[in-house]
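*Asks:* One structure is given below, represented as structure tokens, and several questions about it will come after.
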Amino acid sequence: KDNTDTDNYDEYLDSKRLRGIIKKYSDYIKYPIVMEIDDKEETLNSMIPIWKKNKNDVSEDDYDNFYMDKFNDFDKPLKVISSSVEGMCSYKSLLFIPSHAPYDFFTQNYEKGLSLYSNGVLIMDKCADLLPDYFAFVRGVVDSEDLSLNISREVLQESNNLKLIAKNIESKVRKELETLLKEDRDK
């Protein structure tokens, strides 16, 4: 398409821009996404998200690096909460309790929410419905096979599966924070 006053379609001809889009939206698709770069074929997606790997195959450094890269933090998280739930609604979550408040936490620009995936495909970058306001500092990802890929924000807000996931996440975070506080008091 030709560029217009509002749309610059040439940006999609730039290999760095394409790699960024693939990394953001399709990094965890289970099929390789290959692009020819400098006459060599390069796989652009990692195919297996860290939250779908066996916990024994992921080191503390892997979790720390994922957190610092994904959430643009220079410090390691205080606590990593990894869970896999199967039942009426199956999902995997990887949550992080930061060691400090996010830098923009007390600004109007701060958006709470967890990254929401369906089968490794990003549905929503900041799904605020997964966390109550008092846990707005928690960061992480939730991946559920029970959510449709082409779901609208309005339908998502009414989803019973999402409400069940949110309730479970709230309970899990509360339990982990209580444990951290107890450990801190016992010191």
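Each chain of the structure tokens is named A, B, ... in the order shown, its residues numbered from 1; ligands are numbered from 1 in display order.
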Write out as a VMD selection string all residues of chain A that DSSP puts in strand (DSSP E or B) for this structure's backbone.

*Replies:* chain A and resid 34 to 37 40 to 43 79 to 85 91 to 97 114 to 118 121 to 127 139 to 143

*Asks:* For the residues in that selection, give me C-alpha atoms as an mmCIF file, in the first residue's frame.

*Replies:*
data_model
loop_
_atom_site.group_PDB
_atom_site.id
_atom_site.type_symbol
_atom_site.label_atom_id
_atom_site.label_comp_id
_atom_site.auth_asym_id
_atom_site.auth_seq_id
_atom_site.Cartn_x
_atom_site.Cartn_y
_atom_site.Cartn_z
ATOM 1 C CA VAL A 34 11.552 -17.912 9.631
ATOM 2 C CA MET A 35 12.733 -14.821 7.771
ATOM 3 C CA GLU A 36 15.598 -14.403 5.361
ATOM 4 C CA ILE A 37 18.056 -11.876 6.773
ATOM 5 C CA LYS A 40 20.504 -16.447 5.762
ATOM 6 C CA GLU A 41 17.331 -17.921 7.178
ATOM 7 C CA GLU A 42 16.752 -16.970 10.812
ATOM 8 C CA THR A 43 14.109 -18.295 13.197
ATOM 9 C CA LYS A 79 9.476 -13.460 44.309
ATOM 10 C CA VAL A 80 8.622 -15.630 41.308
ATOM 11 C CA ILE A 81 5.277 -17.447 41.350
ATOM 12 C CA SER A 82 4.882 -20.126 38.710
ATOM 13 C CA SER A 83 1.705 -22.168 38.553
ATOM 14 C CA SER A 84 -0.119 -24.550 36.297
ATOM 15 C CA VAL A 85 -3.819 -25.127 36.893
ATOM 16 C CA TYR A 91 -4.020 -22.025 32.513
ATOM 17 C CA LYS A 92 -0.374 -21.450 33.283
ATOM 18 C CA SER A 93 0.839 -18.314 34.965
ATOM 19 C CA LEU A 94 4.199 -16.796 35.718
ATOM 20 C CA LEU A 95 3.918 -13.926 38.182
ATOM 21 C CA PHE A 96 6.561 -11.658 39.638
ATOM 22 C CA ILE A 97 6.522 -9.624 42.809
ATOM 23 C CA LEU A 114 -0.895 -9.096 33.333
ATOM 24 C CA SER A 115 -0.035 -10.115 29.776
ATOM 25 C CA LEU A 116 -2.779 -12.452 28.607
ATOM 26 C CA TYR A 117 -2.020 -15.206 26.095
ATOM 27 C CA SER A 118 -4.059 -17.932 24.469
ATOM 28 C CA VAL A 121 -0.490 -15.872 21.234
ATOM 29 C CA LEU A 122 -0.719 -12.475 22.908
ATOM 30 C CA ILE A 123 -4.353 -11.425 23.348
ATOM 31 C CA MET A 124 -3.855 -8.408 25.583
ATOM 32 C CA ASP A 125 -0.700 -6.772 26.890
ATOM 33 C CA LYS A 126 -2.219 -5.340 30.075
ATOM 34 C CA CYS A 127 -5.291 -7.273 31.179
ATOM 35 C CA ARG A 139 3.642 -8.292 36.919
ATOM 36 C CA GLY A 140 3.473 -11.435 34.855
ATOM 37 C CA VAL A 141 1.829 -13.527 32.185
ATOM 38 C CA VAL A 142 -1.189 -15.814 32.034
ATOM 39 C CA ASP A 143 -1.673 -18.319 29.213
#

*Asks:* I'd like to know which of A:Ser15, A:Leu164, A:Lys24, A:Asn54 is closest to Lys70 in chain A, using only C-alpha atoms.

*Replies:*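 Nearest candidate to Lys70 in chain A out of A:Ser15, A:Leu164, A:Lys24, A:Asn54: A:Lys24.
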
*Asks:* Any idea what's packed within 12 Å of Tyr110 in chain A, counting only C-alpha atoms, ignoring anything in its chain fewer than 2 positions away? Could you give it as a list in words?

*Replies:*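 Final neighbour list, sorted by chain and number: Ala101, Pro102, Tyr103, Asp104, Phe105, Phe106, Thr107, Gln108, Lys112, Gly113, Lys126, Ala128, Asp133, Ala136 and Phe137 of chain A.
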
*Asks:* Work out how far CA of Pro98 in chain A is from CA of Leu177 in chain A, in Å to one decimal.

*Replies:* 11.5 Å

*Asks:* Taking only range 77-158 of chain A into account, list the residues labelled alpha helix (DSSP H) by DSSP (computed from the backbone), as a tab-separated table (two decimals) with N, CA, C and O atoms, in the first residue's frame.

*Replies:*
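The new file out.tsv reads:
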chain	number	residue	atom	x	y	z
A	153	ARG	N	-12.48	-7.20	23.94
A	153	ARG	CA	-12.28	-6.76	25.33
A	153	ARG	C	-13.59	-6.86	26.12
A	153	ARG	O	-13.61	-7.25	27.28
A	154	GLU	N	-14.71	-6.52	25.49
A	154	GLU	CA	-16.01	-6.56	26.18
A	154	GLU	C	-16.40	-7.99	26.53
A	154	GLU	O	-16.86	-8.26	27.64
A	155	VAL	N	-16.23	-8.90	25.59
A	155	VAL	CA	-16.56	-10.31	25.84
A	155	VAL	C	-15.62	-10.89	26.89
A	155	VAL	O	-16.03	-11.65	27.76
A	156	LEU	N	-14.35	-10.48	26.83
A	156	LEU	CA	-13.36	-10.96	27.78
A	156	LEU	C	-13.72	-10.56	29.21
A	156	LEU	O	-13.58	-11.35	30.14
A	157	GLN	N	-14.22	-9.34	29.39
A	157	GLN	CA	-14.59	-8.86	30.71
A	157	GLN	C	-15.74	-9.67	31.31
A	157	GLN	O	-15.87	-9.76	32.52

*Asks:* With only C-alpha atoms as the counted atoms, please give the residues lying no more than 12 Å from Asp61 in chain A, apart from itself and same-chain residues fewer than 5 positions off, as a PyMOL selection string.

*Replies:* chain A and resi 50+66-69+75-77+80

*Asks:* Please produce a file of the residues just selected, as a tab-separated table (two decimals), in the first residue's frame, where the atoms kept are N, CA, C and O atoms.

*Replies:*
chain	number	residue	atom	x	y	z
A	50	ILE	N	8.67	-19.54	28.51
A	50	ILE	CA	9.29	-19.96	29.77
A	50	ILE	C	8.26	-20.53	30.74
A	50	ILE	O	8.54	-21.45	31.50
A	66	PHE	N	14.13	-13.20	32.21
A	66	PHE	CA	12.83	-13.01	31.55
A	66	PHE	C	12.12	-11.80	32.15
A	66	PHE	O	11.61	-10.95	31.43
A	67	TYR	N	12.09	-11.73	33.47
A	67	TYR	CA	11.41	-10.62	34.15
A	67	TYR	C	12.04	-9.28	33.77
A	67	TYR	O	11.34	-8.33	33.40
A	68	MET	N	13.36	-9.20	33.87
A	68	MET	CA	14.03	-7.92	33.61
A	68	MET	C	13.86	-7.50	32.15
A	68	MET	O	13.69	-6.31	31.86
A	69	ASP	N	13.88	-8.46	31.23
A	69	ASP	CA	13.71	-8.15	29.81
A	69	ASP	C	12.27	-7.79	29.48
A	69	ASP	O	12.00	-6.77	28.84
A	75	ASP	N	16.35	-4.58	38.27
A	75	ASP	CA	16.53	-5.42	39.45
A	75	ASP	C	15.79	-6.73	39.30
A	75	ASP	O	14.76	-6.81	38.62
A	76	LYS	N	16.29	-7.74	39.98
A	76	LYS	CA	15.63	-9.04	39.98
A	76	LYS	C	14.33	-8.94	40.78
A	76	LYS	O	14.21	-8.10	41.68
A	77	PRO	N	13.36	-9.81	40.48
A	77	PRO	CA	12.11	-9.77	41.27
A	77	PRO	C	12.35	-10.29	42.68
A	77	PRO	O	13.26	-11.08	42.92
A	80	VAL	N	9.16	-15.08	42.55
A	80	VAL	CA	8.62	-15.63	41.31
A	80	VAL	C	7.55	-16.65	41.69
A	80	VAL	O	7.78	-17.52	42.54

*Asks:* What lies within 12 Å of Pro32 in chain A using only C-alpha atoms, ignoring chain neighbours under 2 positions off, as a PyMOL selection string?

*Replies:* chain A and resi 22-23+26-30+34-35+41-48

*Asks:* Here is a test: counting only C-alpha atoms, which residue of A:Glu178, A:Asp129, A:Asp184, A:Glu86 is nearest to Ala166 in chain A?

*Replies:*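 Result for the nearest residue to Ala166 in chain A: A:Asp129.
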
*Asks:* As an exercise, work out the distance from CA of Tyr12 in chain A to CA of Leu147 in chain A in Å and give it to one decimal place.

*Replies:* 29.0 Å

*Asks:* For Asp2 in chain A, list every protein, DNA or RNA residue within 12 Å, evaluated using only C-alpha atoms, and leave out those in the same chain fewer than 6 positions away; present the list as a PyMOL selection string.

*Replies:* chain A and resi 8-12

*Asks:* Have a look at A:His100, A:Ser171, A:Asn119, A:Val58 and name the one nearest to Leu78 in chain A; count only C-alpha atoms.

*Replies:* A:His100

*Asks:* Could you check the closest approach to Leu130 in chain A for each of A:Phe74, A:Ser144, A:Lys163, A:Ser99 and tell me which residue wins, using only C-alpha atoms?

*Replies:*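 When distances to Leu130 in chain A are compared using only C-alpha atoms, the smallest one comes from A:Lys163.
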
*Asks:* Restricting the calculation to only C-alpha atoms, which member of A:Lys16, A:Ser90, A:Arg174, A:Gly120 is positioned closest to Leu162 in chain A?

*Replies:*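 The closest residue to Leu162 in chain A is A:Ser90.
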